[in-house]
Amino acid sequence: MFKPFKSFAVLTVVLGLMAGCSSNQQVEEDPNANVTPTPTTTDTGFTDPGVSTADDGFGAIADVATVFYFEFDSAVLLPAARAALIAHAEFLRGNSHDVRLEGHADERGTREYNMALGERRANAVRDFLVLQGVNSSRIETVSYGEERPVDLGSNETSWAKNRRVELSYK
Amino acid sequence: MRYFGFLILMLGFFARPVWAGLTIEITSGMDNPTPIAIVPFSGSNGLPEDIQAIVSADLLRSGFFRPIPKTDMIAMPRSQAEVFYRDWRMLGASYLVIGQMVYAGGSYQTQFELYDVLSQRKVFQKQVAGTQAQLRDIAHAVSDAVYEAITGIRGAFSTKILYIEDLRRPGPGRYRLTYADADGARDRVLFASSEPLLSPAWSNDMKRVAYVSFETSRPAIFIQELATGQRTQVTNFEGLNGAPAWSPDDRSLAMVLSKDGNPEIYTLEIASRKFQRITNHFAIDTEPNWTADGRGLVFTSNRGGSPQIYQVNLASGRVERLTFEGDYNARPRLSPDGKSLVMVHRHEGIFHIAWQDLKTGNMRILTETWLDESPSIAPNGAMLLYATQHQNKGVLAAVSMDAGVKFRLPSKQGDVREPAWSPFAK
């Protein structure tokens with residue numbers, strides 16, 4: 001009398017694609033940046049500058065922060081975030097890349113409220129980029145609330161690392 | 001004779017059980033639990049389920065009872081004629097339960113009797129029947145009847161729970177929506193995903209479950225039919241799609257959507273696909289829960305500066321604040337009698353589950369654990385389940401509404417969270 005149980009496992013490669021965006025580029029020496037090129041750690045472990053022939057253009061913001069932090073129950077951008085976002089906005093004005101902003105919260109408090117808080121944080125970053133002249137149609141925002149912590153600890157240091165927005169280029 | 005036809009339908013859906021399982025660790029009990037002797041039923045020897053152990057565990061977990069160990073019993077009466085009250089008075093028992101099980105025509109016919117040892121009288125004699133797959137249900141039916149006869153409160157031992165498990169390793173089955181008995185037994189995975197799942201909610205007729213899934217790479221609300229496993233995506237908006245809550249008649253879902261620029265509460269009439277906006281404020285409004293008469297919603301809002309609980313009248317749109325103590329009150333759940341509220345409450349930096357009397361406004365913290373969230377009240381209003389942390393893992397815990405009884409349900413595998421206690425089966 002038992003009916004077969006359908007497997008509801010859902011495979012997704014979205015995150016795999018997401019992870020590829022910001023870390024898979026070669027850092028070429030850029031005379032304007034005046035920065036010693038550092039091979040970035042990529043998923044493919046590909047660090048030989050001599051092999052890549054195309055500069056995919058991410059050199060200008062290679063050293064700029066892509067994670068922005070927040071205080072508890074707050075979506076107010078901190079000064080460090082503003083400085084980095086100005087650089088990202090300038091970069092975006094020179095190309096046609098799209099941007100994905102993922103908002104997060106630490107584990108304290110309730111899950112759905114934290115979804116809203118994550119969204120508030122992503123929106124704060126988006127609104128700042130828009131103010132800097134980036135067209136909002138190029139910006140995608142998603143909140144993961146407390147569902148995707150980078151640090152599983154339950155202390156102030158861990159929580160501070162989780163209250164963040166992550167920016168990635170598409 | 002009680003008939004468990006509904007359960008046969010439910011069990012037919014599930015495949016072989018996945019042995020993940022929640023265990024139960026009792027952390028504190030009531031001050032003076034009533035001693036009760038549950039004698040192993042005649043004819044129950046060697047069965048795949050230990051009826052006496054399940055009934056004893058149910059009654060122990062309620063906090064009202066202290067079951068007398070089998071090993072202390074000097075007699076094992078199988079019928080009224082074999083009951084000598086003096087034996088049980090000597091053991092200190094206030095109540096005695098005996099029973100007989102007879103296997104006939106594919107079902108276990110069970111007769112069980114409750115005796116008041118001190119007044120020396122039979123309280124009741126009842127029958128229940130079930131197949132071998134329903135032995136646990138027979139035991140829970142016994143627990144329900146005994147509990148109700150003595151406490152006057154309807155037993156919730158035959159109810160079910162939903163919860164989310166995070167196995168913490170990437171892969172297609174990382175997040176699981178799991179269904180189990182109220183004591184954690186007979187767990188079944190309803191849906192598994194590599195992406196987060198949140199906010200499981202029972203329909204009141206227990207035929208469907210609503211929940212939030214990130215499988216489309218954004219949070220969206222799904223409804224799944226328990227009997228068939230069929231899933232329907234009911235929202236696909238940009239931004240938040242969350243916190244689904246069934247109306248008392250199961251025709252609508254309340255939810256949070258931020259499609260209009262800001263997290264607001266909406267209701268969706270499921271059949272007509274018609275959305276109605278309920279809140280209109282620039283603050284975060286989320287986590288709605290219906291009142292029993294279907295005329296209002298309680299919800300979380302930080303319109304006052306920090307999260308607090310509010311109530312909205314659906315007809316007039318009038319919003320009233322309910323919580324005034326503390327700087328963080330969220331995720332409200334109304335008690336079945338509508339007289340009180342439980343919520344997540346922050347006190348001195350620690351997130352507890354608190355209870356509030358809606359008439360007087362008196363608030364009481366129920367839990368001693370911290371990082372508490374997602375309280376879910378049993379349909380008899382006597383106990384609630386919630387999620388917390390223990391030894392760096394997410395676990396479920398339970399506490400009675402008067403905070404006298406506490407126990408923990410850790411999982412053998414990953415983090416467990418977001419419990420949803422079912423309604424009573426109709």
# chains A, B, ... in the order shown; residues from 1 in each chain; ligands from 1

$ residues_around --residues "region 44-60 of chain B" --least-positions-apart "6" --cutoff "6 Å" --atoms "only C-alpha atoms" --output "list in words"
Arg66, Pro67, Ala139 and Ser143 of chain B

$ write_last_selection --atoms "C-alpha atoms" --output "compact mmCIF listing (two decimals), in the first residue's frame"
# COMPACT_ATOMS: atom_id res chain seq x y z
CA ARG B 66 5.88 10.37 37.17
CA PRO B 67 5.51 6.87 35.70
CA ALA B 139 -0.14 4.04 22.52
CA SER B 143 -1.83 8.60 26.62

$ closest_atom_pairs --of "region 95-135 of chain A" --to "region 348-368 of chain B" --cutoff "12 Å" --atoms "only C-alpha atoms" --output "JSON lines"
{"residue": "A:Glu107", "atom": "CA", "partner": "B:Phe351", "partner_atom": "CA", "distance": 10.7}
{"residue": "A:Arg108", "atom": "CA", "partner": "B:Phe351", "partner_atom": "CA", "distance": 7.4}
{"residue": "A:Gly109", "atom": "CA", "partner": "B:Phe351", "partner_atom": "CA", "distance": 6.8}
{"residue": "A:Thr110", "atom": "CA", "partner": "B:Phe351", "partner_atom": "CA", "distance": 9.3}

$ interface_residues --of "chain B" --to "chain A" --cutoff "7 Å" --atoms "only C-alpha atoms" --output "PDB file with N, CA and C atoms, in the first residue's frame"
ATOM      1  N   GLY B  12       0.631   5.902   3.727  1.00  0.00           N
ATOM      2  CA  GLY B  12       0.818   5.392   2.379  1.00  0.00           C
ATOM      3  C   GLY B  12       1.714   6.254   1.518  1.00  0.00           C
ATOM      4  N   PHE B  13       1.821   7.507   1.858  1.00  0.00           N
ATOM      5  CA  PHE B  13       2.607   8.424   1.042  1.00  0.00           C
ATOM      6  C   PHE B  13       4.104   8.203   1.225  1.00  0.00           C
ATOM      7  N   PHE B  14       4.498   7.772   2.383  1.00  0.00           N
ATOM      8  CA  PHE B  14       5.926   7.809   2.710  1.00  0.00           C
ATOM      9  C   PHE B  14       6.671   6.542   2.322  1.00  0.00           C
ATOM     10  N   ALA B  15       7.896   6.720   1.962  1.00  0.00           N
ATOM     11  CA  ALA B  15       8.769   5.588   1.629  1.00  0.00           C
ATOM     12  C   ALA B  15       9.407   5.059   2.902  1.00  0.00           C
ATOM     13  N   PRO B 172      22.556  18.226  -2.588  1.00  0.00           N
ATOM     14  CA  PRO B 172      21.130  18.335  -2.900  1.00  0.00           C
ATOM     15  C   PRO B 172      20.213  18.122  -1.709  1.00  0.00           C
ATOM     16  N   GLY B 173      20.692  17.389  -0.711  1.00  0.00           N
ATOM     17  CA  GLY B 173      19.813  17.106   0.413  1.00  0.00           C
ATOM     18  C   GLY B 173      20.155  17.879   1.661  1.00  0.00           C
ATOM     19  N   PHE B 191      10.554  17.244   1.835  1.00  0.00           N
ATOM     20  CA  PHE B 191      11.191  17.926   0.722  1.00  0.00           C
ATOM     21  C   PHE B 191      12.627  18.199   1.099  1.00  0.00           C
ATOM     22  N   ALA B 192      13.544  17.978   0.165  1.00  0.00           N
ATOM     23  CA  ALA B 192      14.958  18.237   0.416  1.00  0.00           C
ATOM     24  C   ALA B 192      15.496  19.140  -0.661  1.00  0.00           C
ATOM     25  N   SER B 193      16.444  20.000  -0.298  1.00  0.00           N
ATOM     26  CA  SER B 193      16.952  20.976  -1.260  1.00  0.00           C
ATOM     27  C   SER B 193      18.382  21.335  -0.915  1.00  0.00           C
ATOM     28  N   SER B 194      19.114  21.783  -1.926  1.00  0.00           N
ATOM     29  CA  SER B 194      20.461  22.268  -1.662  1.00  0.00           C
ATOM     30  C   SER B 194      20.412  23.716  -1.178  1.00  0.00           C
ATOM     31  N   PRO B 196      18.376  26.972   1.076  1.00  0.00           N
ATOM     32  CA  PRO B 196      17.659  27.092   2.355  1.00  0.00           C
ATOM     33  C   PRO B 196      16.146  26.957   2.244  1.00  0.00           C
ATOM     34  N   SER B 217      16.645  30.483  -6.538  1.00  0.00           N
ATOM     35  CA  SER B 217      17.739  31.407  -6.243  1.00  0.00           C
ATOM     36  C   SER B 217      17.255  32.678  -5.562  1.00  0.00           C
ATOM     37  N   ARG B 218      15.954  32.735  -5.266  1.00  0.00           N
ATOM     38  CA  ARG B 218      15.373  33.837  -4.490  1.00  0.00           C
ATOM     39  C   ARG B 218      14.354  33.214  -3.562  1.00  0.00           C
ATOM     40  N   GLY B 239      12.314  40.497  -4.372  1.00  0.00           N
ATOM     41  CA  GLY B 239      12.390  40.837  -2.953  1.00  0.00           C
ATOM     42  C   GLY B 239      11.888  39.712  -2.075  1.00  0.00           C
ATOM     43  N   GLY B 242       7.797  35.715   2.103  1.00  0.00           N
ATOM     44  CA  GLY B 242       8.100  34.957   3.303  1.00  0.00           C
ATOM     45  C   GLY B 242       6.977  34.851   4.306  1.00  0.00           C
ATOM     46  N   ALA B 243       7.265  34.117   5.356  1.00  0.00           N
ATOM     47  CA  ALA B 243       6.416  33.963   6.541  1.00  0.00           C
ATOM     48  C   ALA B 243       4.975  33.579   6.214  1.00  0.00           C
ATOM     49  N   PRO B 263       9.073  45.734   3.127  1.00  0.00           N
ATOM     50  CA  PRO B 263       8.390  44.531   3.646  1.00  0.00           C
ATOM     51  C   PRO B 263       7.040  44.883   4.261  1.00  0.00           C
ATOM     52  N   ILE B 284       9.676  47.771   8.693  1.00  0.00           N
ATOM     53  CA  ILE B 284       9.602  46.342   8.399  1.00  0.00           C
ATOM     54  C   ILE B 284       8.356  45.784   9.078  1.00  0.00           C
ATOM     55  N   THR B 286       6.373  42.090   9.261  1.00  0.00           N
ATOM     56  CA  THR B 286       6.588  40.697   8.851  1.00  0.00           C
ATOM     57  C   THR B 286       6.016  39.741   9.886  1.00  0.00           C
ATOM     58  N   GLU B 287       6.160  38.443   9.622  1.00  0.00           N
ATOM     59  CA  GLU B 287       5.810  37.373  10.557  1.00  0.00           C
ATOM     60  C   GLU B 287       4.354  37.406  11.006  1.00  0.00           C
ATOM     61  N   ALA B 330       9.348  39.665  18.840  1.00  0.00           N
ATOM     62  CA  ALA B 330       9.078  39.298  17.443  1.00  0.00           C
ATOM     63  C   ALA B 330       8.470  37.909  17.345  1.00  0.00           C
ATOM     64  N   ARG B 331       7.962  37.574  16.103  1.00  0.00           N
ATOM     65  CA  ARG B 331       7.490  36.231  15.769  1.00  0.00           C
ATOM     66  C   ARG B 331       6.365  35.789  16.695  1.00  0.00           C
ATOM     67  N   PHE B 351      18.100  36.240  23.878  1.00  0.00           N
ATOM     68  CA  PHE B 351      16.830  35.990  23.206  1.00  0.00           C
ATOM     69  C   PHE B 351      16.154  34.781  23.811  1.00  0.00           C
ATOM     70  N   LEU B 371      19.467  32.397  22.566  1.00  0.00           N
ATOM     71  CA  LEU B 371      19.393  32.281  21.096  1.00  0.00           C
ATOM     72  C   LEU B 371      18.145  31.479  20.714  1.00  0.00           C
ATOM     73  N   GLU B 373      14.340  30.867  19.274  1.00  0.00           N
ATOM     74  CA  GLU B 373      13.520  31.421  18.198  1.00  0.00           C
ATOM     75  C   GLU B 373      12.391  30.440  17.848  1.00  0.00           C
ATOM     76  N   SER B 374      11.482  30.907  16.964  1.00  0.00           N
ATOM     77  CA  SER B 374      10.424  30.071  16.373  1.00  0.00           C
ATOM     78  C   SER B 374       9.546  29.307  17.358  1.00  0.00           C
TER      79      SER B 374
END

$ closest_residue --among "B:Leu314, B:Val234, B:Ala378, B:Ile68" --to "Ile265 (chain B)" --atoms "only C-alpha atoms"
B:Leu314

$ select_by_dssp --residues "region 135-347 of chain B" --states "strand (DSSP E)" --output "VMD selection string"
chain B and resid 160 to 166 175 to 181 188 to 193 197 to 202 208 to 213 220 to 225 231 to 233 241 to 246 252 to 257 264 to 269 274 to 277 285 to 290 296 to 301 308 to 313 319 to 321 329 to 334 340 to 347

$ write_last_selection --atoms "C-alpha atoms" --output "compact mmCIF listing (two decimals), in the first residue's frame"
# COMPACT_ATOMS: atom_id res chain seq x y z
CA LYS B 160 2.60 15.82 14.51
CA ILE B 161 5.45 18.26 14.03
CA LEU B 162 7.32 19.73 11.10
CA TYR B 163 10.84 21.03 11.31
CA ILE B 164 13.75 22.09 9.11
CA GLU B 165 17.05 20.24 9.26
CA ASP B 166 20.33 21.63 7.98
CA TYR B 175 18.14 21.33 3.84
CA ARG B 176 15.19 19.08 4.67
CA LEU B 177 11.61 19.76 5.59
CA THR B 178 10.81 16.86 7.94
CA TYR B 179 7.54 15.53 9.33
CA ALA B 180 7.45 13.49 12.54
CA ASP B 181 5.29 12.44 15.46
CA ARG B 188 9.96 11.46 7.13
CA VAL B 189 11.55 13.96 4.76
CA LEU B 190 8.85 15.87 2.87
CA PHE B 191 11.19 17.93 0.72
CA ALA B 192 14.96 18.24 0.42
CA SER B 193 16.95 20.98 -1.26
CA LEU B 197 14.12 26.31 3.49
CA LEU B 198 12.24 28.41 6.02
CA SER B 199 8.98 29.01 7.82
CA PRO B 200 7.05 25.72 7.51
CA ALA B 201 3.33 26.17 8.28
CA TRP B 202 0.56 23.57 8.62
CA ARG B 208 -1.00 20.97 3.13
CA VAL B 209 2.20 22.67 4.22
CA ALA B 210 3.38 26.11 3.13
CA TYR B 211 7.03 27.08 3.31
CA VAL B 212 9.70 29.34 1.87
CA SER B 213 12.30 27.86 -0.46
CA ALA B 220 9.58 32.09 -2.80
CA ILE B 221 6.52 30.57 -1.11
CA PHE B 222 5.48 27.02 -1.98
CA ILE B 223 2.51 24.89 -0.95
CA GLN B 224 2.95 21.13 -0.78
CA GLU B 225 0.13 18.62 -0.51
CA ARG B 231 4.14 21.26 -4.92
CA THR B 232 2.85 24.59 -6.16
CA GLN B 233 4.81 27.84 -6.20
CA ASN B 241 8.38 36.32 -0.19
CA GLY B 242 8.10 34.96 3.30
CA ALA B 243 6.42 33.96 6.54
CA PRO B 244 3.36 32.18 5.10
CA ALA B 245 0.47 31.70 7.57
CA TRP B 246 -2.80 29.88 6.87
CA SER B 252 -5.92 32.35 2.45
CA LEU B 253 -2.28 32.78 3.30
CA ALA B 254 -0.93 35.82 5.07
CA MET B 255 2.66 36.58 4.11
CA VAL B 256 5.35 39.20 3.83
CA LEU B 257 6.21 40.66 0.41
CA GLU B 264 4.62 44.61 4.13
CA ILE B 265 1.97 42.10 5.14
CA TYR B 266 -0.32 40.81 2.39
CA THR B 267 -3.02 38.16 2.25
CA LEU B 268 -3.42 35.85 -0.72
CA GLU B 269 -6.74 34.19 -1.44
CA LYS B 274 -5.98 37.57 -5.38
CA PHE B 275 -3.51 39.54 -3.23
CA GLN B 276 -4.56 42.15 -0.72
CA ARG B 277 -2.17 44.52 0.98
CA ASP B 285 6.28 44.49 8.83
CA THR B 286 6.59 40.70 8.85
CA GLU B 287 5.81 37.37 10.56
CA PRO B 288 2.01 37.47 10.43
CA ASN B 289 -0.18 35.01 12.36
CA TRP B 290 -4.00 34.88 12.23
CA GLY B 296 -7.10 39.93 12.45
CA LEU B 297 -3.39 39.29 12.25
CA VAL B 298 -0.69 39.66 14.84
CA PHE B 299 2.69 40.54 13.34
CA THR B 300 6.16 41.90 13.97
CA SER B 301 6.96 45.50 13.08
CA GLN B 308 7.57 44.78 18.59
CA ILE B 309 4.31 42.86 18.22
CA TYR B 310 1.26 44.53 16.72
CA GLN B 311 -2.24 43.45 15.80
CA VAL B 312 -4.18 44.60 12.73
CA ASN B 313 -7.91 44.36 12.15
CA VAL B 319 -3.11 48.67 13.92
CA GLU B 320 -2.60 48.32 17.65
CA ARG B 321 0.66 47.69 19.49
CA ASN B 329 9.70 41.30 20.59
CA ALA B 330 9.08 39.30 17.44
CA ARG B 331 7.49 36.23 15.77
CA PRO B 332 4.18 36.22 17.65
CA ARG B 333 2.02 33.12 18.03
CA LEU B 334 -1.40 33.27 19.62
CA SER B 340 -2.15 34.89 25.37
CA LEU B 341 0.76 35.32 23.03
CA VAL B 342 4.18 33.77 22.86
CA MET B 343 7.08 35.45 21.12
CA VAL B 344 10.82 35.84 20.90
CA HIS B 345 11.82 38.43 23.51
CA ARG B 346 15.21 39.91 24.18
CA HIS B 347 16.08 40.44 27.82

$ closest_residue --among "A:Ser74, A:Ala89, A:Val64, A:Lys170" --to "Gly305 (chain B)" --atoms "only C-alpha atoms"
A:Ser74

$ closest_residue --among "A:Asn155, A:Gly59, A:Asp127, A:Phe70" --to "Ile139 (chain A)" --atoms "only C-alpha atoms"
A:Asp127

$ atom_distance --atom1 "CA of Ala397 (chain B)" --atom2 "CA of Pro423 (chain B)"
18.5 Å

$ decode --residues "region 245-270 of chain B" --atoms "N, CA and C atoms" --output "PDB file, in the first residue's frame"
ATOM      1  N   ALA B 245       1.319  32.106   6.447  1.00  0.00           N
ATOM      2  CA  ALA B 245       0.469  31.704   7.570  1.00  0.00           C
ATOM      3  C   ALA B 245      -0.939  31.439   7.049  1.00  0.00           C
ATOM      4  N   TRP B 246      -1.479  30.266   7.367  1.00  0.00           N
ATOM      5  CA  TRP B 246      -2.802  29.877   6.870  1.00  0.00           C
ATOM      6  C   TRP B 246      -3.909  30.553   7.668  1.00  0.00           C
ATOM      7  N   SER B 247      -4.931  31.024   6.987  1.00  0.00           N
ATOM      8  CA  SER B 247      -6.104  31.554   7.678  1.00  0.00           C
ATOM      9  C   SER B 247      -6.837  30.378   8.334  1.00  0.00           C
ATOM     10  N   PRO B 248      -7.694  30.632   9.340  1.00  0.00           N
ATOM     11  CA  PRO B 248      -8.396  29.539  10.026  1.00  0.00           C
ATOM     12  C   PRO B 248      -9.205  28.665   9.061  1.00  0.00           C
ATOM     13  N   ASP B 249      -9.736  29.221   7.960  1.00  0.00           N
ATOM     14  CA  ASP B 249     -10.487  28.391   7.005  1.00  0.00           C
ATOM     15  C   ASP B 249      -9.605  27.847   5.888  1.00  0.00           C
ATOM     16  N   ASP B 250      -8.313  28.035   5.974  1.00  0.00           N
ATOM     17  CA  ASP B 250      -7.326  27.542   5.000  1.00  0.00           C
ATOM     18  C   ASP B 250      -7.523  28.104   3.600  1.00  0.00           C
ATOM     19  N   ARG B 251      -8.360  29.138   3.440  1.00  0.00           N
ATOM     20  CA  ARG B 251      -8.562  29.673   2.096  1.00  0.00           C
ATOM     21  C   ARG B 251      -7.525  30.716   1.728  1.00  0.00           C
ATOM     22  N   SER B 252      -6.874  31.272   2.726  1.00  0.00           N
ATOM     23  CA  SER B 252      -5.919  32.346   2.451  1.00  0.00           C
ATOM     24  C   SER B 252      -4.613  32.096   3.167  1.00  0.00           C
ATOM     25  N   LEU B 253      -3.582  32.742   2.635  1.00  0.00           N
ATOM     26  CA  LEU B 253      -2.282  32.780   3.297  1.00  0.00           C
ATOM     27  C   LEU B 253      -1.945  34.234   3.578  1.00  0.00           C
ATOM     28  N   ALA B 254      -1.552  34.519   4.799  1.00  0.00           N
ATOM     29  CA  ALA B 254      -0.932  35.816   5.067  1.00  0.00           C
ATOM     30  C   ALA B 254       0.554  35.640   4.814  1.00  0.00           C
ATOM     31  N   MET B 255       1.237  36.708   4.435  1.00  0.00           N
ATOM     32  CA  MET B 255       2.659  36.579   4.107  1.00  0.00           C
ATOM     33  C   MET B 255       3.308  37.951   4.099  1.00  0.00           C
ATOM     34  N   VAL B 256       4.632  37.945   3.986  1.00  0.00           N
ATOM     35  CA  VAL B 256       5.350  39.203   3.833  1.00  0.00           C
ATOM     36  C   VAL B 256       5.894  39.272   2.406  1.00  0.00           C
ATOM     37  N   LEU B 257       5.686  40.408   1.749  1.00  0.00           N
ATOM     38  CA  LEU B 257       6.208  40.656   0.413  1.00  0.00           C
ATOM     39  C   LEU B 257       6.827  42.047   0.434  1.00  0.00           C
ATOM     40  N   SER B 258       7.953  42.204  -0.279  1.00  0.00           N
ATOM     41  CA  SER B 258       8.503  43.561  -0.348  1.00  0.00           C
ATOM     42  C   SER B 258       8.443  44.075  -1.784  1.00  0.00           C
ATOM     43  N   LYS B 259       7.551  43.512  -2.574  1.00  0.00           N
ATOM     44  CA  LYS B 259       7.482  43.849  -3.997  1.00  0.00           C
ATOM     45  C   LYS B 259       7.156  45.304  -4.243  1.00  0.00           C
ATOM     46  N   ASP B 260       6.501  45.950  -3.311  1.00  0.00           N
ATOM     47  CA  ASP B 260       6.147  47.355  -3.485  1.00  0.00           C
ATOM     48  C   ASP B 260       7.151  48.278  -2.825  1.00  0.00           C
ATOM     49  N   GLY B 261       8.334  47.744  -2.565  1.00  0.00           N
ATOM     50  CA  GLY B 261       9.430  48.598  -2.106  1.00  0.00           C
ATOM     51  C   GLY B 261       9.794  48.435  -0.651  1.00  0.00           C
ATOM     52  N   ASN B 262       8.993  47.700   0.116  1.00  0.00           N
ATOM     53  CA  ASN B 262       9.175  47.659   1.558  1.00  0.00           C
ATOM     54  C   ASN B 262       8.502  46.402   2.101  1.00  0.00           C
ATOM     55  N   PRO B 263       9.073  45.734   3.127  1.00  0.00           N
ATOM     56  CA  PRO B 263       8.390  44.531   3.646  1.00  0.00           C
ATOM     57  C   PRO B 263       7.040  44.883   4.261  1.00  0.00           C
ATOM     58  N   GLU B 264       5.967  44.362   3.651  1.00  0.00           N
ATOM     59  CA  GLU B 264       4.617  44.609   4.133  1.00  0.00           C
ATOM     60  C   GLU B 264       3.876  43.284   4.222  1.00  0.00           C
ATOM     61  N   ILE B 265       2.796  43.293   5.022  1.00  0.00           N
ATOM     62  CA  ILE B 265       1.969  42.097   5.145  1.00  0.00           C
ATOM     63  C   ILE B 265       0.905  42.119   4.043  1.00  0.00           C
ATOM     64  N   TYR B 266       0.715  40.981   3.394  1.00  0.00           N
ATOM     65  CA  TYR B 266      -0.324  40.808   2.387  1.00  0.00           C
ATOM     66  C   TYR B 266      -1.103  39.552   2.745  1.00  0.00           C
ATOM     67  N   THR B 267      -2.338  39.450   2.228  1.00  0.00           N
ATOM     68  CA  THR B 267      -3.020  38.155   2.251  1.00  0.00           C
ATOM     69  C   THR B 267      -3.251  37.737   0.809  1.00  0.00           C
ATOM     70  N   LEU B 268      -3.178  36.426   0.600  1.00  0.00           N
ATOM     71  CA  LEU B 268      -3.421  35.853  -0.716  1.00  0.00           C
ATOM     72  C   LEU B 268      -4.587  34.905  -0.594  1.00  0.00           C
ATOM     73  N   GLU B 269      -5.637  35.143  -1.378  1.00  0.00           N
ATOM     74  CA  GLU B 269      -6.737  34.188  -1.439  1.00  0.00           C
ATOM     75  C   GLU B 269      -6.287  33.120  -2.440  1.00  0.00           C
ATOM     76  N   ILE B 270      -6.058  31.913  -1.969  1.00  0.00           N
ATOM     77  CA  ILE B 270      -5.337  30.922  -2.769  1.00  0.00           C
ATOM     78  C   ILE B 270      -6.065  30.552  -4.055  1.00  0.00           C
TER      79      ILE B 270
END
